[in-house]
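Text of the file coords22.txt, holding compact mmCIF, C-alpha atoms:
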```txt
# COMPACT_ATOMS: atom_id res chain seq x y z
CA MET Y 829 -119.49 12.65 27.14
CA ASN Y 830 -118.84 8.98 27.89
CA LEU Y 831 -115.10 8.36 28.22
CA LEU Y 832 -112.99 5.20 28.51
CA LEU Y 833 -109.55 5.42 30.11
CA LEU Y 834 -107.16 2.55 29.41
CA GLY Y 835 -104.68 1.58 32.12
CA SER Y 836 -104.31 0.55 35.75
CA GLY Y 837 -101.47 2.54 37.32
CA GLY Y 838 -100.92 5.68 39.34
CA ARG Y 839 -100.81 7.66 36.11
CA GLU Y 840 -104.31 6.51 35.21
CA HIS Y 841 -105.63 7.27 38.72
CA ALA Y 842 -104.24 10.80 38.39
CA LEU Y 843 -105.80 11.20 34.94
CA ALA Y 844 -109.15 9.83 36.14
CA TRP Y 845 -109.11 12.15 39.17
CA THR Y 846 -108.44 15.14 36.91
CA LEU Y 847 -110.94 14.21 34.22
CA CYS Y 848 -113.71 13.76 36.82
CA SER Y 849 -113.75 17.50 37.43
CA SER Y 850 -114.68 18.32 33.82
CA PRO Y 851 -118.25 19.50 33.20
CA LEU Y 852 -117.98 17.85 29.77
CA LEU Y 853 -117.79 14.40 31.34
CA ASN Y 854 -120.93 12.30 31.64
CA LYS Y 855 -119.63 8.84 32.53
CA LEU Y 856 -116.06 7.68 33.13
CA TYR Y 857 -115.01 4.06 32.64
CA CYS Y 858 -111.56 2.61 33.18
CA ALA Y 859 -110.11 -0.68 31.94
CA PRO Y 860 -108.88 -2.43 33.96
CA GLY Y 861 -108.37 0.23 36.68
CA ASN Y 862 -107.41 -0.33 40.32
CA ALA Y 863 -108.84 0.01 43.83
CA GLY Y 864 -108.35 3.78 43.85
CA ILE Y 865 -109.82 4.41 40.41
CA GLU Y 866 -112.94 2.38 41.20
CA SER Y 867 -113.96 4.99 43.77
CA ILE Y 868 -114.35 7.63 41.03
CA ALA Y 869 -115.00 5.61 37.86
CA SER Y 870 -116.61 2.37 36.71
CA CYS Y 871 -113.81 -0.17 36.31
CA VAL Y 872 -114.19 -2.97 33.78
CA ASN Y 873 -112.09 -6.12 33.64
CA ILE Y 874 -110.78 -5.88 30.08
CA SER Y 875 -107.19 -6.64 29.13
CA LEU Y 876 -105.30 -3.82 27.41
CA ASN Y 877 -104.24 -6.35 24.77
CA ASN Y 878 -107.80 -7.35 23.87
CA PHE Y 879 -108.59 -4.75 21.21
CA SER Y 880 -111.73 -6.45 19.96
CA GLU Y 881 -113.23 -6.51 23.47
CA ILE Y 882 -112.29 -2.86 23.99
CA ILE Y 883 -114.05 -1.91 20.75
CA ALA Y 884 -117.12 -3.96 21.65
CA PHE Y 885 -117.29 -2.27 25.06
CA CYS Y 886 -117.04 1.17 23.43
CA ARG Y 887 -119.98 0.35 21.20
CA GLU Y 888 -122.03 -1.11 24.04
CA LYS Y 889 -121.54 1.92 26.32
CA ALA Y 890 -121.63 4.59 23.56
CA ILE Y 891 -118.08 5.68 24.36
CA GLU Y 892 -117.32 8.95 22.58
CA PHE Y 893 -113.69 9.34 23.60
CA VAL Y 894 -110.88 6.97 24.61
CA VAL Y 895 -107.76 8.08 26.49
CA VAL Y 896 -104.87 5.63 26.38
CA GLY Y 897 -102.63 5.81 29.43
CA SER Y 898 -100.23 2.94 28.89
CA GLU Y 899 -97.52 2.71 26.23
CA ILE Y 900 -98.12 -1.01 25.61
CA PRO Y 901 -101.43 -0.73 23.68
CA LEU Y 902 -100.15 2.41 21.93
CA VAL Y 903 -97.13 0.60 20.52
CA ALA Y 904 -99.38 -2.35 19.60
CA GLY Y 905 -101.68 -0.08 17.56
CA ILE Y 906 -104.81 0.49 19.67
CA VAL Y 907 -105.23 4.01 18.26
CA ASP Y 908 -105.33 2.73 14.67
CA GLU Y 909 -107.90 0.08 15.61
CA LEU Y 910 -110.20 2.55 17.37
CA MET Y 911 -109.95 5.19 14.67
CA ALA Y 912 -110.76 2.58 12.02
CA VAL Y 913 -114.19 2.11 13.61
CA GLY Y 914 -114.82 5.83 14.09
CA ILE Y 915 -113.96 6.22 17.79
CA THR Y 916 -112.04 9.35 18.80
CA VAL Y 917 -108.92 8.43 20.75
CA PHE Y 918 -106.11 10.33 22.46
CA GLY Y 919 -102.67 8.98 21.60
CA PRO Y 920 -100.29 8.41 18.70
CA SER Y 921 -100.71 5.87 15.92
CA ARG Y 922 -98.75 2.63 15.89
CA ALA Y 923 -96.28 4.12 13.42
CA ALA Y 924 -95.75 7.26 15.51
CA ALA Y 925 -95.49 5.25 18.74
CA GLN Y 926 -92.25 3.78 17.43
CA LEU Y 927 -90.60 6.82 19.00
CA GLU Y 928 -90.93 4.93 22.29
CA GLY Y 929 -91.42 1.40 21.01
CA SER Y 930 -87.97 1.25 19.40
CA LYS Y 931 -84.97 3.14 20.76
CA GLY Y 932 -83.15 2.39 17.53
CA PHE Y 933 -85.94 4.02 15.53
CA ALA Y 934 -85.82 7.06 17.81
CA LYS Y 935 -82.04 7.44 17.56
CA ASP Y 936 -82.07 7.13 13.77
CA PHE Y 937 -84.89 9.68 13.66
CA CYS Y 938 -82.89 12.15 15.78
CA ARG Y 939 -79.88 11.75 13.52
CA GLU Y 940 -81.97 12.34 10.39
CA PHE Y 941 -83.68 15.49 11.69
CA GLY Y 942 -80.83 17.04 13.66
CA ILE Y 943 -82.30 16.58 17.14
CA PRO Y 944 -79.55 16.82 19.78
CA THR Y 945 -78.88 13.46 21.43
CA ALA Y 946 -76.02 11.21 22.51
CA ASP Y 947 -73.87 9.47 19.92
CA TYR Y 948 -74.87 5.83 19.48
CA ALA Y 949 -74.73 2.58 17.57
CA ARG Y 950 -77.35 -0.18 17.31
CA PHE Y 951 -76.82 -3.92 17.05
CA SER Y 952 -78.81 -7.08 16.45
CA GLU Y 953 -75.79 -9.41 16.75
CA LEU Y 954 -74.10 -10.15 20.09
CA ASP Y 955 -70.51 -10.38 18.84
CA GLU Y 956 -70.73 -7.10 16.94
CA ALA Y 957 -72.13 -5.34 20.01
CA ILE Y 958 -69.38 -6.69 22.26
CA ASN Y 959 -66.67 -5.68 19.79
CA TYR Y 960 -68.08 -2.16 19.73
CA VAL Y 961 -68.30 -1.94 23.53
CA GLN Y 962 -64.68 -2.99 23.90
CA ARG Y 963 -63.60 0.05 21.86
CA GLN Y 964 -65.56 2.54 23.99
CA LYS Y 965 -64.61 4.55 27.05
CA PRO Y 966 -66.83 3.97 30.13
CA PRO Y 967 -69.32 4.88 31.45
CA ILE Y 968 -71.31 3.28 28.64
CA VAL Y 969 -75.10 3.30 28.30
CA ILE Y 970 -76.70 0.00 27.22
CA LYS Y 971 -80.37 0.07 26.21
CA ALA Y 972 -82.74 -2.69 25.21
CA ASP Y 973 -84.36 -1.52 21.98
CA GLY Y 974 -88.00 -2.21 22.90
CA LEU Y 975 -90.38 -1.64 25.82
CA ALA Y 976 -88.99 -2.84 29.15
CA ALA Y 977 -91.20 -1.09 31.74
CA GLY Y 978 -88.54 1.54 32.41
CA LYS Y 979 -85.94 -1.09 33.36
CA GLY Y 980 -84.13 -1.73 30.07
CA VAL Y 981 -81.31 0.77 30.59
CA GLU Y 982 -77.94 0.07 32.20
CA ILE Y 983 -75.16 2.59 32.83
CA ALA Y 984 -72.06 0.41 32.84
CA GLN Y 985 -69.09 1.84 34.76
CA THR Y 986 -66.56 -0.59 33.26
CA ILE Y 987 -66.08 -2.44 29.98
CA SER Y 988 -66.74 -5.77 31.72
CA GLU Y 989 -70.04 -4.46 33.13
CA ALA Y 990 -71.03 -3.26 29.66
CA VAL Y 991 -70.23 -6.64 28.11
CA GLN Y 992 -72.25 -8.37 30.84
CA SER Y 993 -75.19 -6.03 30.24
CA VAL Y 994 -75.10 -6.64 26.48
CA ARG Y 995 -74.98 -10.40 27.02
CA ALA Y 996 -77.94 -10.17 29.41
CA CYS Y 997 -80.02 -8.30 26.82
CA PHE Y 998 -79.38 -10.83 24.08
CA ALA Y 999 -79.96 -13.69 26.55
CA GLY Y 1000 -83.52 -12.46 27.16
CA ALA Y 1001 -83.26 -10.42 30.38
CA PHE Y 1002 -85.86 -8.03 28.91
CA GLY Y 1003 -87.66 -10.51 26.68
CA THR Y 1004 -87.96 -9.58 23.03
CA ALA Y 1005 -87.23 -5.93 23.95
CA GLY Y 1006 -83.53 -6.81 24.20
CA TYR Y 1007 -83.13 -8.68 20.94
CA GLU Y 1008 -81.70 -5.47 19.53
CA VAL Y 1009 -79.44 -3.23 21.60
CA VAL Y 1010 -78.61 0.47 21.42
CA ILE Y 1011 -75.23 1.49 22.87
CA GLU Y 1012 -74.89 5.18 23.69
CA GLU Y 1013 -72.40 7.78 24.76
CA PHE Y 1014 -72.81 8.73 28.42
CA LEU Y 1015 -74.07 12.28 28.87
CA ILE Y 1016 -73.16 14.42 31.88
CA GLY Y 1017 -75.71 16.82 33.35
CA GLN Y 1018 -79.07 16.93 35.12
CA GLU Y 1019 -82.03 14.86 33.96
CA ALA Y 1020 -85.45 16.41 33.45
CA SER Y 1021 -88.76 15.53 31.81
CA PHE Y 1022 -90.51 17.86 29.37
CA PHE Y 1023 -94.11 17.27 28.27
CA ALA Y 1024 -95.97 18.73 25.30
CA LEU Y 1025 -99.39 18.21 23.76
CA VAL Y 1026 -99.16 17.66 20.00
CA ASP Y 1027 -101.98 17.63 17.43
CA GLY Y 1028 -99.95 16.67 14.37
CA SER Y 1029 -99.13 20.26 13.42
CA HIS Y 1030 -99.05 22.31 16.62
CA ALA Y 1031 -97.54 21.77 20.06
CA ILE Y 1032 -97.96 23.47 23.42
CA PRO Y 1033 -95.87 22.83 26.55
CA LEU Y 1034 -97.56 20.67 29.20
CA GLY Y 1035 -95.21 21.21 32.10
CA THR Y 1036 -91.94 19.80 33.39
CA ALA Y 1037 -90.86 17.36 36.07
CA GLN Y 1038 -87.87 15.54 37.47
CA ASP Y 1039 -88.13 11.89 38.46
CA TYR Y 1040 -86.09 9.36 40.42
CA LYS Y 1041 -85.51 6.12 38.54
CA ARG Y 1042 -83.09 4.37 40.87
CA LEU Y 1043 -84.52 2.13 43.58
CA SER Y 1044 -82.70 3.48 46.63
CA ASP Y 1045 -81.60 6.69 48.33
CA GLY Y 1046 -78.68 8.51 46.78
CA ASN Y 1047 -79.70 7.28 43.32
CA THR Y 1048 -78.33 3.82 44.00
CA GLY Y 1049 -79.67 0.39 43.12
CA PRO Y 1050 -81.28 -0.85 39.91
CA ASN Y 1051 -83.41 1.20 37.55
CA THR Y 1052 -87.15 1.10 38.19
CA GLY Y 1053 -90.27 2.51 36.60
CA GLY Y 1054 -89.81 5.52 38.91
CA MET Y 1055 -89.65 5.97 42.70
CA GLY Y 1056 -90.76 9.60 42.92
CA ALA Y 1057 -90.99 12.91 41.08
CA PHE Y 1058 -91.58 16.61 41.48
CA SER Y 1059 -92.86 19.44 39.30
CA PRO Y 1060 -91.86 21.90 38.00
CA ALA Y 1061 -88.30 20.84 37.16
CA LEU Y 1062 -86.13 23.52 38.74
CA VAL Y 1063 -83.31 22.90 36.27
CA LEU Y 1064 -85.54 23.88 33.34
CA THR Y 1065 -85.62 27.67 33.24
CA GLU Y 1066 -87.97 29.59 30.95
CA LYS Y 1067 -85.06 30.08 28.53
CA LEU Y 1068 -84.30 26.35 28.50
CA ASN Y 1069 -87.97 25.48 28.02
CA THR Y 1070 -87.98 27.64 24.90
CA LYS Y 1071 -84.81 25.90 23.73
CA VAL Y 1072 -86.38 22.47 24.22
CA MET Y 1073 -89.41 23.47 22.15
CA GLU Y 1074 -87.22 24.91 19.38
CA SER Y 1075 -84.53 22.21 19.21
CA ILE Y 1076 -86.43 19.05 20.14
CA ILE Y 1077 -90.25 19.24 20.19
CA VAL Y 1078 -90.88 21.26 17.01
CA PRO Y 1079 -88.29 19.34 14.92
CA THR Y 1080 -89.85 16.10 16.12
CA ILE Y 1081 -93.31 17.17 14.96
CA ARG Y 1082 -91.96 18.29 11.58
CA GLY Y 1083 -89.89 15.15 11.18
CA MET Y 1084 -92.79 12.84 11.92
CA ALA Y 1085 -94.97 14.75 9.47
CA ALA Y 1086 -92.23 14.47 6.85
CA ARG Y 1087 -92.18 10.71 7.41
CA ARG Y 1088 -95.97 10.64 6.90
CA MET Y 1089 -96.63 9.45 10.42
CA PRO Y 1090 -97.96 12.65 12.05
CA TYR Y 1091 -97.73 12.65 15.83
CA THR Y 1092 -100.76 13.32 18.04
CA GLY Y 1093 -101.04 12.92 21.80
CA VAL Y 1094 -98.67 13.76 24.61
CA LEU Y 1095 -94.98 13.78 23.75
CA TYR Y 1096 -92.68 13.21 26.71
CA ALA Y 1097 -89.04 14.09 26.13
CA GLY Y 1098 -86.60 12.67 28.64
CA LEU Y 1099 -83.74 15.16 28.70
CA MET Y 1100 -80.20 15.63 29.91
CA ILE Y 1101 -79.34 19.27 30.54
CA THR Y 1102 -75.67 19.39 29.55
CA GLU Y 1103 -73.09 22.15 29.05
CA LYS Y 1104 -74.11 22.12 25.37
CA GLY Y 1105 -77.78 22.57 26.27
CA PRO Y 1106 -80.72 20.14 26.40
CA GLN Y 1107 -80.13 16.76 24.74
CA LEU Y 1108 -82.71 14.04 24.23
CA ILE Y 1109 -82.21 10.84 26.23
CA GLU Y 1110 -85.42 9.17 25.09
CA TYR Y 1111 -88.93 9.75 23.82
CA ASN Y 1112 -92.05 8.49 25.55
CA VAL Y 1113 -95.41 8.59 23.80
CA ARG Y 1114 -97.62 8.88 26.91
CA PHE Y 1115 -97.73 10.62 30.27
CA GLY Y 1116 -94.94 9.61 32.61
CA ASP Y 1117 -95.53 7.61 35.74
CA PRO Y 1118 -95.04 9.06 38.38
CA GLU Y 1119 -94.58 12.41 36.58
CA CYS Y 1120 -98.23 12.53 35.53
CA GLN Y 1121 -99.28 12.57 39.17
CA VAL Y 1122 -97.42 15.80 39.98
CA LEU Y 1123 -98.45 17.45 36.70
CA MET Y 1124 -102.13 16.72 37.25
CA PHE Y 1125 -101.96 18.04 40.82
CA ARG Y 1126 -100.70 21.41 39.50
CA LEU Y 1127 -102.97 21.76 36.44
CA GLU Y 1128 -105.74 24.37 36.71
CA THR Y 1129 -107.12 24.08 33.17
CA ASP Y 1130 -109.85 21.53 32.44
CA LEU Y 1131 -107.88 18.60 31.01
CA LEU Y 1132 -110.64 17.10 28.86
CA PRO Y 1133 -110.95 19.99 26.33
CA ALA Y 1134 -107.15 19.99 26.04
CA LEU Y 1135 -107.10 16.30 25.14
CA LEU Y 1136 -109.94 16.81 22.66
CA ALA Y 1137 -108.11 19.75 21.07
CA THR Y 1138 -105.13 17.46 20.56
CA CYS Y 1139 -107.34 15.09 18.59
CA ASN Y 1140 -109.13 17.69 16.46
CA GLY Y 1141 -106.11 19.83 15.56
CA SER Y 1142 -107.02 22.97 17.50
CA LEU Y 1143 -104.18 23.19 20.05
CA ASN Y 1144 -103.12 26.55 18.62
CA ARG Y 1145 -106.27 28.04 20.19
CA LEU Y 1146 -105.67 26.53 23.64
CA LYS Y 1147 -103.91 27.97 26.69
CA LEU Y 1148 -103.07 25.93 29.76
CA LEU Y 1149 -103.10 27.43 33.26
CA TRP Y 1150 -101.04 26.09 36.16
CA LYS Y 1151 -100.95 26.55 39.91
CA ASN Y 1152 -97.80 28.35 41.02
CA ASP Y 1153 -97.20 25.68 43.67
CA SER Y 1154 -94.73 22.82 43.56
CA ALA Y 1155 -95.91 19.21 43.69
CA LEU Y 1156 -94.01 16.11 44.82
CA THR Y 1157 -94.89 12.43 44.78
CA ILE Y 1158 -93.38 9.49 46.66
CA VAL Y 1159 -93.77 5.96 45.34
CA MET Y 1160 -94.51 3.32 47.98
CA ALA Y 1161 -93.43 -0.05 46.65
CA ALA Y 1162 -93.92 -3.62 47.82
CA GLU Y 1163 -91.02 -5.38 49.50
CA GLY Y 1164 -89.05 -7.29 46.89
CA TYR Y 1165 -89.62 -4.78 44.09
CA PRO Y 1166 -88.35 -4.62 41.35
CA HIS Y 1167 -87.47 -8.34 41.20
CA SER Y 1168 -90.10 -10.25 43.23
CA PRO Y 1169 -92.58 -7.88 44.89
CA GLN Y 1170 -94.77 -9.30 47.64
CA ARG Y 1171 -98.41 -9.40 46.62
CA ASN Y 1172 -101.67 -9.55 48.57
CA THR Y 1173 -100.31 -7.69 51.60
CA GLU Y 1174 -102.90 -5.45 53.24
CA ILE Y 1175 -102.68 -1.65 53.24
CA LYS Y 1176 -104.40 0.21 56.07
CA GLY Y 1177 -104.83 3.86 57.00
CA LEU Y 1178 -105.85 5.20 53.61
CA ASP Y 1179 -109.37 6.21 54.70
CA GLY Y 1180 -108.01 8.76 57.16
CA ILE Y 1181 -106.16 10.74 54.51
CA ASN Y 1182 -108.38 13.57 53.31
CA GLU Y 1183 -106.39 16.76 52.83
CA THR Y 1184 -106.69 19.61 50.35
CA ASP Y 1185 -103.01 19.58 49.42
CA ALA Y 1186 -102.31 15.84 49.53
CA ILE Y 1187 -103.75 12.79 47.82
CA VAL Y 1188 -102.84 9.12 47.51
CA PHE Y 1189 -103.00 7.89 43.92
CA HIS Y 1190 -103.28 4.12 43.67
CA ALA Y 1191 -101.06 2.21 41.27
CA GLY Y 1192 -100.89 -1.53 41.99
CA THR Y 1193 -103.87 -2.12 44.28
CA VAL Y 1194 -106.90 -4.36 44.34
CA ARG Y 1195 -109.94 -4.38 46.66
CA LYS Y 1196 -111.01 -7.70 48.15
CA LYS Y 1197 -113.80 -7.84 50.74
CA ASN Y 1198 -113.28 -4.17 51.68
CA ARG Y 1199 -109.55 -4.70 52.13
CA ILE Y 1200 -107.00 -2.87 49.99
CA LEU Y 1201 -104.23 -5.23 48.89
CA ALA Y 1202 -100.96 -4.67 47.07
CA ASN Y 1203 -101.12 -6.15 43.59
CA SER Y 1204 -97.82 -5.22 41.94
CA GLY Y 1205 -94.43 -3.62 42.57
CA ARG Y 1206 -95.14 0.12 42.63
CA VAL Y 1207 -98.34 0.36 44.65
CA LEU Y 1208 -99.11 3.88 45.96
CA ASN Y 1209 -98.16 7.43 44.98
CA ILE Y 1210 -98.32 9.89 47.88
CA THR Y 1211 -98.65 13.25 46.17
CA ALA Y 1212 -98.64 16.68 47.81
CA ARG Y 1213 -98.66 20.31 46.76
CA GLY Y 1214 -96.95 23.19 48.59
CA ARG Y 1215 -95.87 26.79 48.22
CA ASN Y 1216 -92.41 25.49 47.30
CA LEU Y 1217 -90.70 22.12 46.87
CA LYS Y 1218 -89.65 21.86 50.52
CA ASP Y 1219 -93.22 22.43 51.67
CA ALA Y 1220 -94.58 19.84 49.23
CA GLN Y 1221 -91.93 17.34 50.34
CA LYS Y 1222 -92.83 17.75 54.02
CA LYS Y 1223 -96.54 17.22 53.34
CA ALA Y 1224 -95.94 14.13 51.22
CA TYR Y 1225 -93.67 12.43 53.75
CA ASP Y 1226 -96.04 13.31 56.60
CA VAL Y 1227 -98.81 11.45 54.77
CA ALA Y 1228 -96.55 8.52 53.84
CA ARG Y 1229 -95.68 7.94 57.49
CA ARG Y 1230 -99.38 7.65 58.38
CA ILE Y 1231 -100.01 4.72 56.01
CA ASP Y 1232 -100.02 1.36 57.77
CA TRP Y 1233 -98.31 -1.06 55.41
CA PRO Y 1234 -95.34 -2.88 56.98
CA GLU Y 1235 -94.46 -4.76 53.79
CA SER Y 1236 -93.58 -1.57 51.91
CA PHE Y 1237 -90.66 0.78 51.39
CA TYR Y 1238 -89.96 4.13 49.77
CA ARG Y 1239 -87.06 6.46 49.16
CA ASP Y 1240 -86.41 9.10 51.82
CA ASP Y 1241 -84.67 11.60 49.54
CA ILE Y 1242 -87.23 12.58 46.88
CA GLY Y 1243 -86.63 16.27 46.12
CA GLY Y 1244 -83.57 16.42 48.39
CA ARG Y 1245 -80.78 18.06 46.39
CA SER Y 1246 -83.22 20.20 44.43
CA ILE Y 1247 -84.58 21.63 47.69
CA GLU Y 1248 -81.03 22.64 48.61
CA SER Y 1249 -80.68 24.52 45.30
CA GLU Y 1250 -84.13 26.08 45.76
CA SER Y 1251 -83.14 27.87 48.97
```
Written form, structure tokens:
Amino acid sequence: MNLLLLGSGGREHALAWTLCSSPLLNKLYCAPGNAGIESIASCVNISLNNFSEIIAFCREKAIEFVVVGSEIPLVAGIVDELMAVGITVFGPSRAAAQLEGSKGFAKDFCREFGIPTADYARFSELDEAINYVQRQKPPIVIKADGLAAGKGVEIAQTISEAVQSVRACFAGAFGTAGYEVVIEEFLIGQEASFFALVDGSHAIPLGTAQDYKRLSDGNTGPNTGGMGAFSPALVLTEKLNTKVMESIIVPTIRGMAARRMPYTGVLYAGLMITEKGPQLIEYNVRFGDPECQVLMFRLETDLLPALLATCNGSLNRLKLLWKNDSALTIVMAAEGYPHSPQRNTEIKGLDGINETDAIVFHAGTVRKKNRILANSGRVLNITARGRNLKDAQKKAYDVARRIDWPESFYRDDIGGRSIESES
């Protein structure tokens, strides 16, 4: 089978690495890819926004299956375009992708179908939003309605901070994503990520993870796309996993079917585990990044048949197998991230990393004249597997310290508190 993977981050490198082991795979292409992906797949310089060029490439190379990694083309409708010309594609339709593309849509959907989530209000006018904020009790959660690369959420500790955050959204801090704002009740508990494969009618769990969104140690600093993650999420017991399926995943599938926009693909539920049980913070309509990296490092089952089963409606006949190990990933970012990351700085020492239980997934890298250069903010994902979380953490940080890249930084506390609870 000839397969095209769409995306260029650490998530896509992890997916490409996993898909390469499938005996069903003939040729793997990736658009646009990165310096790590090009060592295992043929990378092609096609923009994720250029649907006509993507379709033309699929026809030219006899692509039989497309896997969409990034949320941006999903929300823009790439699945609808590919299906219209008869190409099988993994991911939700444009209508279904609204679960991530619009936080207001998602919140209204939860209210309609009884899915547990924080109380909220949504606004498209600045003055109305400010008036509402001034009647709330902090902390207050302010969210840009649309896609903001994981950065469109602010937890305001005071009313004045909340007003400032609302003003920033409407002033264009997140582009058009902030032209509508969702203001939410602050939930207390532990965050976790729950993944399921969905074929429109059936769903099966695809593992759990916990990620670190804040830039700096101790969960301080601004929100980012993610600075690290581990799997499985220790806070999600078997009983809680069942509860998540029953109270969130299954009602979501039924609700989307009732709205005549059946959901297919991977459904990623960002959760807060509260005293009342799991509550939905947000939906994502693709694999998380960096959560995908730790999930793929633990998966034993061939991923490709699972993705195909999602597309042909046969998930009810599929069983996924997992390694009993823990996996942990550390994000190495370029100095200046998330505001003005340094680009074109050279990364050395990657060739010497060749271990069974550790791998470096590339995110924002480019190869120029046999040199690996940083090309974005989040650049490398050092991922390791161990008999427990502490073991995986040690292996990952040991590898991170061997990478020669002075213009980088990473958090030193990925997995920290969870390791304390593990022992």
Would you tabulate, counting all atoms listed in the file, all residues of segment 1132-1249 of chain Y that have an atom at most 10 Å from an atom of segment 1035-1052 of chain Y, showing the closest pair of atoms and their distance in Å to one decimal, sorted by chain then ascending number, as a tab-separated table?
```
residue	atom	partner	partner_atom	distance
Y:Leu1148	CA	Y:Gly1035	CA	9.5
Y:Trp1150	CA	Y:Gly1035	CA	8.6
Y:Ala1155	CA	Y:Ala1037	CA	9.3
Y:Leu1156	CA	Y:Ala1037	CA	9.4
Y:Thr1157	CA	Y:Asp1039	CA	9.3
Y:Ile1158	CA	Y:Tyr1040	CA	9.6
Y:Val1159	CA	Y:Tyr1040	CA	9.7
Y:Ala1161	CA	Y:Leu1043	CA	9.7
Y:Tyr1165	CA	Y:Leu1043	CA	8.6
Y:Pro1166	CA	Y:Thr1052	CA	6.6
Y:His1167	CA	Y:Pro1050	CA	9.8
Y:Gly1205	CA	Y:Thr1052	CA	9.7
Y:Arg1206	CA	Y:Thr1052	CA	9.2
Y:Phe1237	CA	Y:Ser1044	CA	9.7
Y:Tyr1238	CA	Y:Ser1044	CA	7.9
Y:Arg1239	CA	Y:Asp1045	CA	5.5
Y:Asp1240	CA	Y:Asp1045	CA	6.4
Y:Asp1241	CA	Y:Asp1045	CA	5.9
Y:Ile1242	CA	Y:Tyr1040	CA	7.3
Y:Gly1243	CA	Y:Gln1038	CA	8.8
Y:Gly1244	CA	Y:Gly1046	CA	9.4
Y:Arg1245	CA	Y:Gly1046	CA	9.8
Y:Ser1246	CA	Y:Gln1038	CA	9.6
```
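Around Val1010 of chain Y, within 9 Å and counting all atoms listed in the file, the residues found are Lys931, Gly932, Lys935, Tyr948, Ala949, Arg950, Phe951, Ala957, Val969, Ile970, Lys971, Ala972 and Asp973 of chain Y, once anything fewer than 5 positions away on its own chain is removed.
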Revision key, fill the gap. Using all atoms listed in the file, the shortest atom-to-atom distance to Leu1127 of chain Y among Y:Gly974, Y:Pro1060, Y:Pro966, Y:Gly864 belongs to Y:Pro1060
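A straight line drawn from atom CA of Ile915 of chain Y to atom CA of Phe1189 of chain Y is 28.4 Å long.
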Point to revise | Shortest interatomic distance to Gly1180 of chain Y - which of Y:Leu1143, Y:Ser867, Y:Val1227, Y:Val895, counting all atoms listed in the file | key: Y:Val1227
**Study point:** Nearest candidate to Leu1099 of chain Y (options Y:Ile1077, Y:Ala1020, Y:Val1009, Y:Leu853; using only C-alpha atoms)
**Key:** Y:Ala1020
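Of note, atom CA of Arg963 of chain Y and atom CA of Phe1014 of chain Y are spaced 14.3 Å apart.
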Exercise for review: Report the distance between atom CA of Pro901 of chain Y and atom CA of Phe1023 of chain Y in Å, rounded to one decimal place.
Suggested key: 20.0 Å
Practice item. Find the residues near segment 1228-1231 of chain Y: any atom within 9 Å, counting only C-alpha atoms, skip ones fewer than 4 places away on the same chain, and give them as an MDAnalysis selection string. Key: chainID Y and resid 1158 1160 1175:1178 1180:1181 1188 1210 1223:1224 1238
